[in-house]
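What follows is my_file_8.cif (mmCIF, C-alpha atoms and all ligand atoms).
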```
data_work
loop_
_atom_site.label_atom_id
_atom_site.label_comp_id
_atom_site.auth_asym_id
_atom_site.auth_seq_id
_atom_site.Cartn_x
_atom_site.Cartn_y
_atom_site.Cartn_z
CA MET A 459 113.71 -36.61 153.20
CA ASP A 460 115.12 -40.04 152.32
CA LEU A 461 118.22 -39.88 150.10
CA THR A 462 118.90 -43.62 149.77
CA LEU A 463 118.34 -45.00 146.26
CA SER A 464 115.89 -47.86 145.85
CA PRO A 465 117.04 -50.97 143.87
CA GLN A 466 115.12 -49.65 140.79
CA GLU A 467 116.76 -46.26 141.10
CA GLN A 468 120.20 -47.85 141.38
CA GLU A 469 119.41 -49.92 138.29
CA PHE A 470 118.33 -46.76 136.45
CA ARG A 471 121.59 -45.01 137.45
CA ASP A 472 123.76 -47.96 136.42
CA GLU A 473 122.04 -48.31 133.04
CA LEU A 474 122.50 -44.60 132.37
CA ARG A 475 126.16 -44.66 133.50
CA GLU A 476 126.86 -47.53 131.17
CA TRP A 477 125.11 -45.83 128.26
CA LEU A 478 126.98 -42.56 128.85
CA GLY A 479 130.27 -44.45 129.11
CA ALA A 480 129.66 -46.05 125.70
CA ASN A 481 128.13 -43.03 123.91
CA HIS A 482 129.89 -39.89 125.19
CA PRO A 483 130.54 -37.81 122.03
CA GLY A 484 133.78 -36.22 123.27
CA GLU A 485 134.80 -32.56 123.39
CA GLU A 486 132.54 -29.88 121.94
CA PRO A 487 134.05 -28.15 118.87
CA GLN A 488 135.00 -24.43 118.95
CA GLY A 489 132.72 -21.76 117.42
CA ASP A 490 129.03 -20.96 118.05
CA GLU A 491 127.67 -22.69 114.90
CA ALA A 492 129.76 -25.87 115.11
CA ALA A 493 129.06 -26.21 118.84
CA PHE A 494 125.31 -25.85 118.27
CA GLU A 495 125.27 -28.52 115.53
CA PHE A 496 127.24 -30.81 117.84
CA ARG A 497 124.68 -30.28 120.63
CA LYS A 498 121.82 -31.03 118.20
CA GLU A 499 123.48 -34.28 117.17
CA TRP A 500 124.05 -35.22 120.82
CA GLN A 501 120.40 -34.53 121.67
CA ARG A 502 119.23 -36.68 118.74
CA LYS A 503 121.37 -39.51 120.07
CA LEU A 504 119.90 -39.11 123.56
CA ALA A 505 116.37 -39.02 122.11
CA ASP A 506 116.91 -42.14 120.00
CA ALA A 507 118.02 -44.03 123.08
CA GLY A 508 115.09 -42.68 125.15
CA TRP A 509 117.22 -40.36 127.31
CA ALA A 510 115.69 -37.01 126.28
CA GLY A 511 112.77 -35.55 128.25
CA ILE A 512 112.96 -38.50 130.58
CA SER A 513 110.31 -37.21 133.01
CA TRP A 514 107.76 -36.65 130.23
CA PRO A 515 104.99 -39.24 129.96
CA GLN A 516 105.79 -42.23 127.73
CA GLU A 517 102.88 -41.42 125.39
CA TYR A 518 104.72 -38.21 124.38
CA GLY A 519 108.07 -39.90 123.81
CA GLY A 520 109.45 -39.49 127.34
CA ARG A 521 110.45 -42.21 129.75
CA GLY A 522 107.86 -41.48 132.44
CA ALA A 523 110.75 -41.23 134.91
CA THR A 524 110.10 -40.24 138.51
CA LEU A 525 111.47 -36.99 139.88
CA ILE A 526 114.18 -38.89 141.72
CA GLU A 527 115.23 -40.50 138.43
CA GLN A 528 115.23 -37.05 136.82
CA ALA A 529 117.55 -35.82 139.59
CA ILE A 530 119.79 -38.89 139.13
CA PHE A 531 119.83 -38.18 135.40
CA ASN A 532 120.97 -34.58 135.88
CA GLU A 533 123.65 -35.71 138.33
CA GLU A 534 124.99 -38.41 136.02
CA ILE A 535 125.03 -36.17 132.95
CA ALA A 536 127.06 -33.60 134.90
CA ARG A 537 129.34 -36.29 136.37
CA ALA A 538 130.07 -37.69 132.89
CA LYS A 539 130.83 -34.12 131.69
CA ALA A 540 128.40 -34.76 128.84
CA PRO A 541 127.81 -31.82 126.48
CA GLN A 542 124.75 -29.59 126.76
CA VAL A 543 121.74 -30.44 124.62
CA ALA A 544 120.72 -27.99 121.88
CA ASN A 545 117.06 -27.57 122.81
CA VAL A 546 117.51 -26.88 126.47
CA LEU A 547 114.64 -24.35 126.71
CA GLY A 548 112.28 -26.69 124.86
CA LEU A 549 113.13 -29.63 127.11
CA VAL A 550 113.20 -27.83 130.45
CA MET A 551 110.35 -25.37 129.92
CA GLY A 552 108.48 -25.70 126.59
CA GLY A 553 107.63 -29.39 126.84
CA PRO A 554 106.52 -29.30 130.50
CA VAL A 555 104.34 -26.25 129.78
CA VAL A 556 102.65 -27.88 126.76
CA ILE A 557 102.12 -31.04 128.83
CA ALA A 558 100.62 -29.04 131.72
CA HIS A 559 98.50 -26.50 129.80
CA GLY A 560 98.35 -27.58 126.14
CA THR A 561 95.45 -29.12 124.24
CA ASP A 562 95.71 -32.68 122.90
CA GLU A 563 96.40 -31.30 119.41
CA GLN A 564 99.23 -29.11 120.76
CA LYS A 565 100.77 -32.08 122.57
CA GLN A 566 100.66 -34.16 119.38
CA ARG A 567 102.11 -31.35 117.29
CA TYR A 568 104.91 -29.90 119.44
CA LEU A 569 106.37 -32.44 121.84
CA LYS A 570 108.21 -34.90 119.62
CA PRO A 571 110.25 -32.31 117.62
CA ILE A 572 111.33 -30.77 120.96
CA LEU A 573 112.78 -34.11 122.07
CA THR A 574 114.69 -34.71 118.85
CA ALA A 575 115.92 -31.08 118.54
CA GLU A 576 114.25 -30.84 115.12
CA GLU A 577 112.53 -27.66 116.34
CA ILE A 578 114.46 -25.41 118.71
CA TRP A 579 112.54 -23.27 121.22
CA CYS A 580 113.26 -19.89 122.77
CA GLN A 581 111.63 -17.88 125.55
CA GLY A 582 110.30 -14.41 124.67
CA PHE A 583 109.44 -12.99 128.07
CA SER A 584 111.84 -10.12 128.91
CA GLU A 585 111.49 -6.69 127.28
CA PRO A 586 113.69 -3.57 127.48
CA GLU A 587 111.48 -2.11 130.24
CA SER A 588 110.16 -5.38 131.71
CA GLY A 589 112.51 -7.97 133.16
CA SER A 590 112.00 -8.57 136.87
CA ASP A 591 108.56 -6.95 136.66
CA LEU A 592 107.51 -9.24 133.83
CA ALA A 593 103.80 -8.53 134.23
CA SER A 594 104.37 -4.93 133.06
CA LEU A 595 105.34 -6.08 129.56
CA LYS A 596 104.05 -4.06 126.60
CA THR A 597 104.25 -6.33 123.53
CA LYS A 598 100.66 -6.39 122.34
CA ALA A 599 98.56 -8.97 120.53
CA VAL A 600 95.29 -8.02 118.82
CA LYS A 601 92.79 -10.49 117.41
CA ASP A 602 92.09 -10.30 113.69
CA ASN A 603 90.05 -12.91 111.78
CA GLY A 604 90.97 -15.95 113.90
CA GLU A 605 94.61 -14.86 114.13
CA TRP A 606 96.59 -12.69 116.53
CA VAL A 607 98.67 -9.78 115.27
CA VAL A 608 101.67 -9.15 117.52
CA THR A 609 103.85 -6.04 117.76
CA GLY A 610 106.60 -5.28 120.28
CA GLN A 611 110.18 -5.88 121.33
CA LYS A 612 111.78 -8.66 123.35
CA VAL A 613 115.34 -8.82 124.62
CA TRP A 614 117.89 -11.35 125.99
CA THR A 615 116.12 -14.06 123.99
CA THR A 616 118.49 -17.03 124.28
CA PHE A 617 118.82 -19.15 121.10
CA ALA A 618 116.28 -17.00 119.19
CA HIS A 619 118.71 -17.12 116.24
CA GLU A 620 118.31 -20.93 116.14
CA ALA A 621 114.67 -21.19 117.18
CA LYS A 622 111.60 -22.29 115.25
CA TRP A 623 109.19 -21.55 118.14
CA CYS A 624 109.09 -18.76 120.71
CA MET A 625 107.21 -19.02 124.02
CA LEU A 626 105.89 -15.49 123.82
CA VAL A 627 103.93 -13.63 126.47
CA ALA A 628 101.98 -10.63 125.12
CA ARG A 629 99.33 -8.22 126.40
CA THR A 630 95.89 -8.98 124.99
CA ASP A 631 93.82 -6.84 127.36
CA PHE A 632 94.82 -3.32 128.46
CA ASP A 633 91.75 -2.70 130.62
CA VAL A 634 92.36 -5.20 133.43
CA PRO A 635 95.06 -5.36 136.18
CA LYS A 636 98.46 -6.07 134.57
CA HIS A 637 98.75 -9.77 135.54
CA LYS A 638 95.32 -10.54 134.10
CA GLY A 639 95.77 -9.05 130.64
CA LEU A 640 98.44 -11.46 129.38
CA THR A 641 98.24 -14.41 126.97
CA TYR A 642 100.84 -17.09 126.27
CA PHE A 643 101.54 -17.85 122.59
CA LEU A 644 103.72 -20.09 120.52
CA MET A 645 105.05 -17.81 117.83
CA ASP A 646 106.59 -19.15 114.62
CA MET A 647 109.99 -17.47 114.33
CA GLU A 648 110.19 -18.15 110.61
CA GLN A 649 108.33 -15.07 109.36
CA GLU A 650 109.51 -11.71 108.00
CA ALA A 651 107.71 -9.84 110.77
CA VAL A 652 110.14 -11.25 113.36
CA GLN A 653 113.66 -9.81 113.17
CA VAL A 654 116.39 -11.35 115.32
CA ARG A 655 119.51 -9.33 116.18
CA PRO A 656 122.29 -11.09 118.12
CA LEU A 657 123.80 -9.46 121.21
CA ARG A 658 127.48 -10.03 121.89
CA GLN A 659 128.36 -11.06 125.42
CA ILE A 660 131.42 -10.32 127.58
CA THR A 661 132.68 -13.84 126.71
CA GLY A 662 132.62 -13.05 122.97
CA GLU A 663 129.71 -15.45 122.35
CA SER A 664 126.26 -14.48 121.11
CA GLU A 665 123.88 -16.77 123.00
CA PHE A 666 121.09 -14.25 123.16
CA ASN A 667 119.32 -11.69 120.97
CA GLU A 668 116.97 -8.78 120.57
CA LEU A 669 113.64 -9.58 118.87
CA PHE A 670 111.81 -6.93 116.88
CA ILE A 671 108.23 -7.98 116.18
CA GLU A 672 106.22 -5.96 113.68
CA GLU A 673 102.72 -7.32 113.07
CA ALA A 674 103.69 -11.00 113.34
CA ARG A 675 100.80 -13.42 112.82
CA ILE A 676 99.97 -16.18 115.29
CA PRO A 677 96.98 -18.49 114.66
CA ASP A 678 94.49 -18.78 117.51
CA GLU A 679 95.29 -22.47 117.99
CA ASN A 680 98.79 -21.45 119.14
CA VAL A 681 97.49 -19.91 122.36
CA ILE A 682 98.56 -22.02 125.36
CA GLY A 683 96.29 -22.20 128.40
CA GLY A 684 93.57 -19.89 127.05
CA GLU A 685 93.28 -16.15 126.44
CA GLY A 686 94.07 -14.04 129.51
CA ASN A 687 95.82 -16.88 131.37
CA GLY A 688 99.35 -15.98 130.26
CA TRP A 689 100.59 -15.09 133.74
CA MET A 690 99.68 -18.48 135.18
CA VAL A 691 101.29 -20.32 132.23
CA ALA A 692 104.41 -18.11 132.48
CA LEU A 693 104.78 -19.00 136.17
CA THR A 694 104.72 -22.71 135.31
CA THR A 695 107.51 -22.04 132.80
CA LEU A 696 109.65 -20.21 135.36
CA MET A 697 109.15 -22.79 138.10
CA HIS A 698 110.29 -25.54 135.76
CA GLU A 699 113.29 -23.41 134.75
CA ARG A 700 114.53 -23.26 138.35
CA ALA A 701 113.49 -26.70 139.59
CA GLY A 702 114.90 -28.86 136.81
CA LEU A 703 118.48 -27.74 136.99
CA ALA A 704 119.55 -27.92 140.65
CA PHE A 705 120.97 -31.44 140.72
CA GLY A 706 123.11 -31.06 137.63
CA LEU A 707 124.38 -27.67 138.78
CA GLN A 708 125.60 -28.93 142.14
CA VAL A 709 127.56 -31.77 140.52
CA GLN A 710 129.10 -29.30 138.05
CA LEU A 711 130.16 -27.21 141.06
CA LYS A 712 131.85 -30.21 142.70
CA ILE A 713 133.71 -31.08 139.48
CA ALA A 714 134.87 -27.48 139.08
CA LEU A 715 135.94 -27.42 142.73
CA GLY A 716 138.18 -30.45 142.09
CA GLN A 717 139.73 -28.54 139.17
CA LEU A 718 140.20 -25.49 141.40
CA MET A 719 142.12 -27.60 143.92
CA GLU A 720 144.38 -28.87 141.11
CA LEU A 721 144.96 -25.26 140.05
CA ALA A 722 145.89 -24.27 143.63
CA ARG A 723 148.38 -27.16 143.75
CA ALA A 724 149.85 -26.26 140.36
CA GLU A 725 150.34 -22.65 141.49
CA GLY A 726 151.94 -23.79 144.79
CA LEU A 727 149.11 -22.33 146.86
CA ASP A 728 147.59 -25.52 148.22
CA GLN A 729 149.16 -24.93 151.68
CA ASP A 730 148.16 -21.27 151.81
CA PRO A 731 145.74 -21.01 154.78
CA VAL A 732 143.54 -18.34 153.17
CA VAL A 733 143.17 -20.29 149.91
CA ARG A 734 142.47 -23.50 151.89
CA GLN A 735 139.81 -21.77 153.96
CA LYS A 736 138.10 -20.33 150.89
CA ILE A 737 138.07 -23.72 149.14
CA ALA A 738 136.63 -25.37 152.28
CA GLN A 739 133.90 -22.72 152.39
CA LEU A 740 133.02 -23.38 148.74
CA TYR A 741 132.84 -27.09 149.46
CA ILE A 742 130.48 -26.51 152.40
CA GLU A 743 128.28 -24.31 150.21
CA SER A 744 128.14 -26.86 147.41
CA GLU A 745 127.06 -29.49 149.95
CA ALA A 746 124.33 -27.15 151.23
CA ILE A 747 123.14 -26.73 147.62
CA ARG A 748 122.98 -30.49 147.17
CA LEU A 749 120.89 -30.90 150.32
CA ASN A 750 118.61 -28.01 149.39
CA ALA A 751 118.08 -29.54 145.97
CA SER A 752 116.96 -32.74 147.74
CA ARG A 753 114.68 -30.70 149.97
CA GLY A 754 113.11 -29.07 146.90
CA LEU A 755 112.62 -32.51 145.38
CA THR A 756 110.84 -33.76 148.51
CA GLN A 757 108.53 -30.77 148.24
CA ILE A 758 107.74 -31.55 144.58
CA MET A 759 106.98 -35.15 145.50
CA LYS A 760 104.49 -33.96 148.12
CA THR A 761 102.73 -31.26 146.08
CA GLY A 762 103.31 -32.35 142.47
CA ILE A 763 104.73 -28.99 141.37
CA PRO A 764 108.05 -27.22 141.92
CA GLY A 765 107.80 -24.77 144.82
CA PRO A 766 109.56 -21.49 145.69
CA GLU A 767 112.49 -23.43 147.25
CA GLY A 768 114.02 -23.67 143.75
CA SER A 769 114.72 -19.94 144.07
CA LEU A 770 116.94 -20.56 147.10
CA THR A 771 119.03 -23.16 145.27
CA LYS A 772 119.44 -20.92 142.22
CA TRP A 773 120.53 -17.98 144.41
CA MET A 774 123.05 -20.12 146.35
CA TRP A 775 124.40 -21.66 143.16
CA SER A 776 125.01 -18.32 141.43
CA ASP A 777 126.79 -16.90 144.53
CA THR A 778 128.97 -20.00 144.89
CA ASN A 779 129.78 -20.28 141.19
CA GLN A 780 130.81 -16.62 141.03
CA ALA A 781 132.91 -16.92 144.24
CA MET A 782 134.63 -20.01 142.85
CA SER A 783 135.63 -18.43 139.53
CA GLU A 784 136.79 -15.28 141.38
CA LEU A 785 139.02 -17.42 143.61
CA ALA A 786 140.45 -19.13 140.52
CA MET A 787 141.32 -15.71 139.09
CA ASP A 788 142.96 -14.69 142.40
CA ILE A 789 145.01 -17.89 142.40
CA ARG A 790 146.24 -17.23 138.87
CA GLY A 791 147.33 -13.72 139.81
CA PRO A 792 146.96 -10.27 138.25
CA GLU A 793 147.40 -11.40 134.65
CA ALA A 794 144.52 -13.90 134.96
CA PRO A 795 141.90 -11.95 132.94
CA LEU A 796 144.36 -11.74 130.05
CA ILE A 797 144.95 -15.48 129.90
CA ASP A 798 142.54 -17.14 127.50
CA SER A 799 141.76 -20.19 129.64
CA ASP A 800 138.77 -22.18 130.76
CA TRP A 801 138.79 -20.29 134.06
CA THR A 802 138.80 -16.89 132.34
CA TYR A 803 135.75 -17.98 130.34
CA ARG A 804 134.00 -19.28 133.46
CA PHE A 805 134.78 -16.09 135.37
CA LEU A 806 133.29 -13.93 132.61
CA ARG A 807 130.27 -16.19 131.98
CA SER A 808 129.44 -16.46 135.69
CA ARG A 809 128.69 -12.72 135.86
CA ALA A 810 125.34 -13.51 134.20
CA ASN A 811 124.43 -16.19 136.78
CA SER A 812 122.92 -13.69 139.22
CA ILE A 813 120.76 -12.14 136.45
CA GLU A 814 119.62 -15.01 134.17
CA GLY A 815 116.55 -16.98 135.25
CA GLY A 816 115.63 -14.30 137.83
CA THR A 817 118.02 -11.88 139.55
CA THR A 818 119.37 -12.66 143.01
CA GLU A 819 117.44 -9.72 144.50
CA ILE A 820 114.16 -11.08 143.13
CA LEU A 821 114.99 -14.59 144.36
CA LYS A 822 115.69 -13.17 147.81
CA ASN A 823 112.26 -11.51 147.76
CA ILE A 824 110.65 -14.86 146.84
CA VAL A 825 112.51 -16.72 149.60
CA ALA A 826 111.63 -14.00 152.15
CA GLU A 827 107.95 -13.85 151.28
CA ARG A 828 107.08 -17.35 150.12
CA VAL A 829 109.51 -19.65 151.95
CA LEU A 830 110.05 -17.76 155.23
CA GLY A 831 106.63 -16.09 155.23
CA LEU A 832 108.05 -12.63 156.08
CA PRO A 833 105.75 -9.63 155.59
CA ARG A 834 105.57 -8.14 152.10
CA LEU A 835 106.84 -4.60 151.58
CA ARG A 836 104.28 -3.86 148.90
C1 LIG B 1 122.47 -15.03 130.08
C2 LIG B 1 121.04 -14.53 130.09
C3 LIG B 1 120.08 -15.21 129.37
C4 LIG B 1 118.75 -14.77 129.38
N1 LIG B 1 117.82 -15.45 128.60
C5 LIG B 1 116.55 -15.00 128.55
C6 LIG B 1 115.58 -15.62 127.69
O1 LIG B 1 115.89 -16.60 126.98
N2 LIG B 1 114.33 -15.13 127.63
C7 LIG B 1 113.94 -14.07 128.39
O2 LIG B 1 112.78 -13.69 128.33
N3 LIG B 1 114.83 -13.42 129.21
C8 LIG B 1 116.12 -13.87 129.30
N4 LIG B 1 117.03 -13.22 130.10
C9 LIG B 1 116.61 -12.00 130.81
C10 LIG B 1 116.50 -12.13 132.31
O3 LIG B 1 115.40 -12.92 132.67
C11 LIG B 1 116.39 -10.69 132.86
O4 LIG B 1 117.64 -10.05 132.60
C12 LIG B 1 116.11 -10.66 134.33
O5 LIG B 1 114.82 -11.13 134.60
C13 LIG B 1 116.26 -9.24 134.91
O6 LIG B 1 115.54 -8.31 134.17
P1 LIG B 1 116.24 -6.96 133.66
O7 LIG B 1 117.52 -7.32 133.00
O8 LIG B 1 115.22 -6.20 132.89
O9 LIG B 1 116.62 -6.16 134.99
P2 LIG B 1 115.65 -5.27 135.88
O10 LIG B 1 114.40 -6.01 136.16
O11 LIG B 1 115.53 -3.93 135.25
O12 LIG B 1 116.50 -5.16 137.23
C14 LIG B 1 117.60 -4.26 137.36
C15 LIG B 1 118.12 -4.40 138.80
O13 LIG B 1 117.09 -4.03 139.75
C16 LIG B 1 116.83 -5.10 140.67
N5 LIG B 1 115.40 -5.17 140.98
C17 LIG B 1 114.36 -5.10 140.10
N6 LIG B 1 113.18 -5.21 140.75
C18 LIG B 1 113.48 -5.39 142.07
C19 LIG B 1 112.68 -5.60 143.24
N7 LIG B 1 111.34 -5.64 143.20
N8 LIG B 1 113.32 -5.76 144.45
C20 LIG B 1 114.69 -5.71 144.51
N9 LIG B 1 115.49 -5.51 143.43
C21 LIG B 1 114.90 -5.35 142.22
C22 LIG B 1 117.30 -6.35 139.93
O14 LIG B 1 117.64 -7.38 140.84
C23 LIG B 1 118.51 -5.84 139.16
O15 LIG B 1 119.64 -5.83 139.96
C24 LIG B 1 118.37 -13.64 130.13
C25 LIG B 1 119.35 -12.95 130.88
C26 LIG B 1 120.67 -13.38 130.86
C27 LIG B 1 121.69 -12.61 131.67
#
```
Please rewrite the model in this file as structure tokens.
Amino acid sequence: MDLTLSPQEQEFRDELREWLGANHPGEEPQGDEAAFEFRKEWQRKLADAGWAGISWPQEYGGRGATLIEQAIFNEEIARAKAPQVANVLGLVMGGPVVIAHGTDEQKQRYLKPILTAEEIWCQGFSEPESGSDLASLKTKAVKDNGEWVVTGQKVWTTFAHEAKWCMLVARTDFDVPKHKGLTYFLMDMEQEAVQVRPLRQITGESEFNELFIEEARIPDENVIGGEGNGWMVALTTLMHERAGLAFGLQVQLKIALGQLMELARAEGLDQDPVVRQKIAQLYIESEAIRLNASRGLTQIMKTGIPGPEGSLTKWMWSDTNQAMSELAMDIRGPEAPLIDSDWTYRFLRSRANSIEGGTTEILKNIVAERVLGLPRLR
């Protein structure tokens, strides 16, 4: 594992830093709708300057950046406190999946509008009875005259209320073992047969939704990776979800830790030995996350695909982020949950960290079985 930047990588970082310095759009506005429009505009600006989907091949509008450059990009974006992009699921998962498993026609059709945020994507995997055990999902798709007819229910579908396309996994064969009967579709969200109902979160926002699908139509050319291969395509999606984020997340942790230290000072607790020890522990953990992210990157460079190590980083990040916001609440004292502050929001939002993108228990199973090679229980 060599963590020194080459002259080209330094040049890449400096160019990006300069661009971010000159183009940072400022603070995100309040309110779900206004914030989403702001993120769309920001993504368009990134895309116009060639900074969206930077690891995608140049022929599809990306920059053909190496994985190290991608990691530098995530670090710099976090360091500059740049806003989120609107089409995060399209960029992190949808695009890479179409590039890996799509036909030439699909690549021509779908990739560019992902980059420019013209078409927002969502991920329709989880169902009321199928989250961790995704392969047990029941939404069914039946072939009818060159089209698929889909009926079922999805839940926790982030950005479904903004999305044009849904990465939908449905059961197309009930007579084979559960992992083998799945197919991966791109479903057009703009049809009557798809009803989106927002779910309100503990933070007051509505990032995610329930999807009710009643005989939605999907043309056969919107199957990704071939009929019956949905499990394999879904795994590619999930590996990209965990691998792409680690570098940005660890920088965000470090920035938040700096803010936590300021808070401790402001509350007169910066000399308190217990608070100091807890902050030191969080710092050590954020360093371990940074090094693990580099280890994961080394693995990708050797094998070409993200490995199970991404699960370890995601688990460590969610534990550390939750511990950090809990410490901030302790420092602010008993009235902290009542104060409408950035830390209250972070504390409430961080509760989802150990569930979204795979629960901590499932990640522990993956690390035990696939990283440490421990025996499987089942
Ligand atoms: C903020 C947020 C955004 C999300 N966005 C999306 C999205 O866009 N698209 C999408 O498809 N889904 C999304 N999800 C859903 C998420 O992927 C699921 O919530 C997650 O996979 C867990 O599934 P579940 O909620 O059904 O819990 P379950 O699978 O029912 O698990 C319940 C509990 O049992 C534990 N458990 C289950 N199986 C095992 C096992 N084998 N070993 C040990 N423990 C186990 C779990 O860890 C958990 O604690 C989102 C979730 C959140 C919180």
Mind giving me the axis-aligned box for ligand LIG 1 (chain B) with 5 Å on every side, centre plus edges in Å to one decimal, as JSON?
```
{"center_x": 116.9, "center_y": -10.3, "center_z": 135.7, "size_x": 21.1, "size_y": 22.7, "size_z": 27.5}
```
State, in Å with one decimal place, the distance from atom CA of Gly639 of chain A to atom CA of Lys601 of chain A.
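Result for atom CA of Gly639 of chain A versus atom CA of Lys601 of chain A: 13.6 Å, one decimal.
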Skipping near chain neighbours, those fewer than 6 positions away, what residues fall within 8 Å of Trp500 of chain A using only C-alpha atoms, listed as number ranges by chain?
A: 483, 541, 543
Counting all atoms listed in the file, which residues of chain A fall within 9 Å of ligand LIG 1 (chain B), and what is the closest atom pair for each with its distance in Å at one decimal, ordered by chain and rising number, as CSV?
```
residue,atom,partner,partner_atom,distance
A:Leu547,CA,B:LIG1,O1,7.9
A:Cys580,CA,B:LIG1,O1,6.0
A:Gln581,CA,B:LIG1,N2,4.4
A:Gly582,CA,B:LIG1,O2,4.5
A:Phe583,CA,B:LIG1,O2,3.4
A:Ser584,CA,B:LIG1,O2,3.7
A:Glu585,CA,B:LIG1,O8,6.8
A:Pro586,CA,B:LIG1,O8,6.2
A:Glu587,CA,B:LIG1,O8,6.1
A:Ser588,CA,B:LIG1,O8,5.3
A:Gly589,CA,B:LIG1,O6,3.2
A:Ser590,CA,B:LIG1,O10,3.6
A:Asp591,CA,B:LIG1,O10,5.9
A:Leu592,CA,B:LIG1,O5,7.6
A:Lys612,CA,B:LIG1,O2,7.1
A:Val613,CA,B:LIG1,N3,6.5
A:Trp614,CA,B:LIG1,C8,4.5
A:Thr615,CA,B:LIG1,O1,3.9
A:Thr616,CA,B:LIG1,O1,3.8
A:Phe617,CA,B:LIG1,O1,7.0
A:Ala618,CA,B:LIG1,O1,7.8
A:Met625,CA,B:LIG1,O2,8.8
A:Leu626,CA,B:LIG1,O2,8.4
A:Gln659,CA,B:LIG1,C1,8.5
A:Glu665,CA,B:LIG1,C1,7.4
A:Phe666,CA,B:LIG1,C3,6.4
A:Asn667,CA,B:LIG1,O1,8.5
A:Arg807,CA,B:LIG1,C1,8.1
A:Arg809,CA,B:LIG1,C27,8.2
A:Ala810,CA,B:LIG1,C27,4.5
A:Asn811,CA,B:LIG1,C27,6.8
A:Ser812,CA,B:LIG1,C27,7.7
A:Ile813,CA,B:LIG1,C27,4.9
A:Glu814,CA,B:LIG1,C26,3.8
A:Gly815,CA,B:LIG1,O3,4.9
A:Gly816,CA,B:LIG1,O5,4.6
A:Thr817,CA,B:LIG1,O14,4.7
A:Thr818,CA,B:LIG1,O14,6.0
A:Glu819,CA,B:LIG1,O14,4.3
A:Ile820,CA,B:LIG1,N8,5.5
A:Leu821,CA,B:LIG1,O14,8.4
A:Lys822,CA,B:LIG1,C20,8.2
A:Asn823,CA,B:LIG1,N8,6.7
```
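As for atom CA of Trp773 of chain A and atom CA of Ile512 of chain A, they are spaced 25.9 Å apart.
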Mind giving me the straight-line distance from atom CA of Leu644 of chain A to atom CA of Trp623 of chain A in Å, one decimal?
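Distance reported for this atom pair: 6.1 Å.
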Between A:Arg734, A:His637, A:Lys570, A:Lys760, which has the minimum distance to Arg502 of chain A (counting all atoms listed in the file)?
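Distance minimum relative to Arg502 of chain A lands on A:Lys570.
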Polymer residues at most 7 Å from segment 713-724 of chain A, all atoms listed in the file, same-chain spacing of 4 or more positions, as a VMD selection string:
chain A and resid 709 728 786 789
Write the residues of the preceding selection, restricted to C-alpha atoms, as a PDB file, in the frame of the given file.
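Saved as out.pdb:
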```
ATOM      1  CA  VAL A 709     127.560 -31.770 140.520  1.00  0.00           C
ATOM      2  CA  ASP A 728     147.590 -25.520 148.220  1.00  0.00           C
ATOM      3  CA  ALA A 786     140.450 -19.130 140.520  1.00  0.00           C
ATOM      4  CA  ILE A 789     145.010 -17.890 142.400  1.00  0.00           C
TER       5      ILE A 789
END
```
Shortest interatomic distance to Gly548 of chain A - which of A:Pro656, A:Pro571, A:Pro833, A:Gly684, counting all atoms listed in the file:
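Answer, going by the shortest atom-to-atom distance: A:Pro571.
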Considering all atoms listed in the file, return as a ChimeraX atom specification whatever protein or nucleic-acid residues lie within 10 Å of Ala781 of chain A, sequence-local ones (same chain, fewer than 3 positions apart) excluded.
/A:736-737,740,775-778,784-787,805,808
Between A:Ser594, A:Thr609, A:Thr694, A:Asn680, single out the one closest to Val652 of chain A, counting all atoms listed in the file.
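Looking only at the distances to Val652 of chain A, the closest residue turns out to be A:Thr609.
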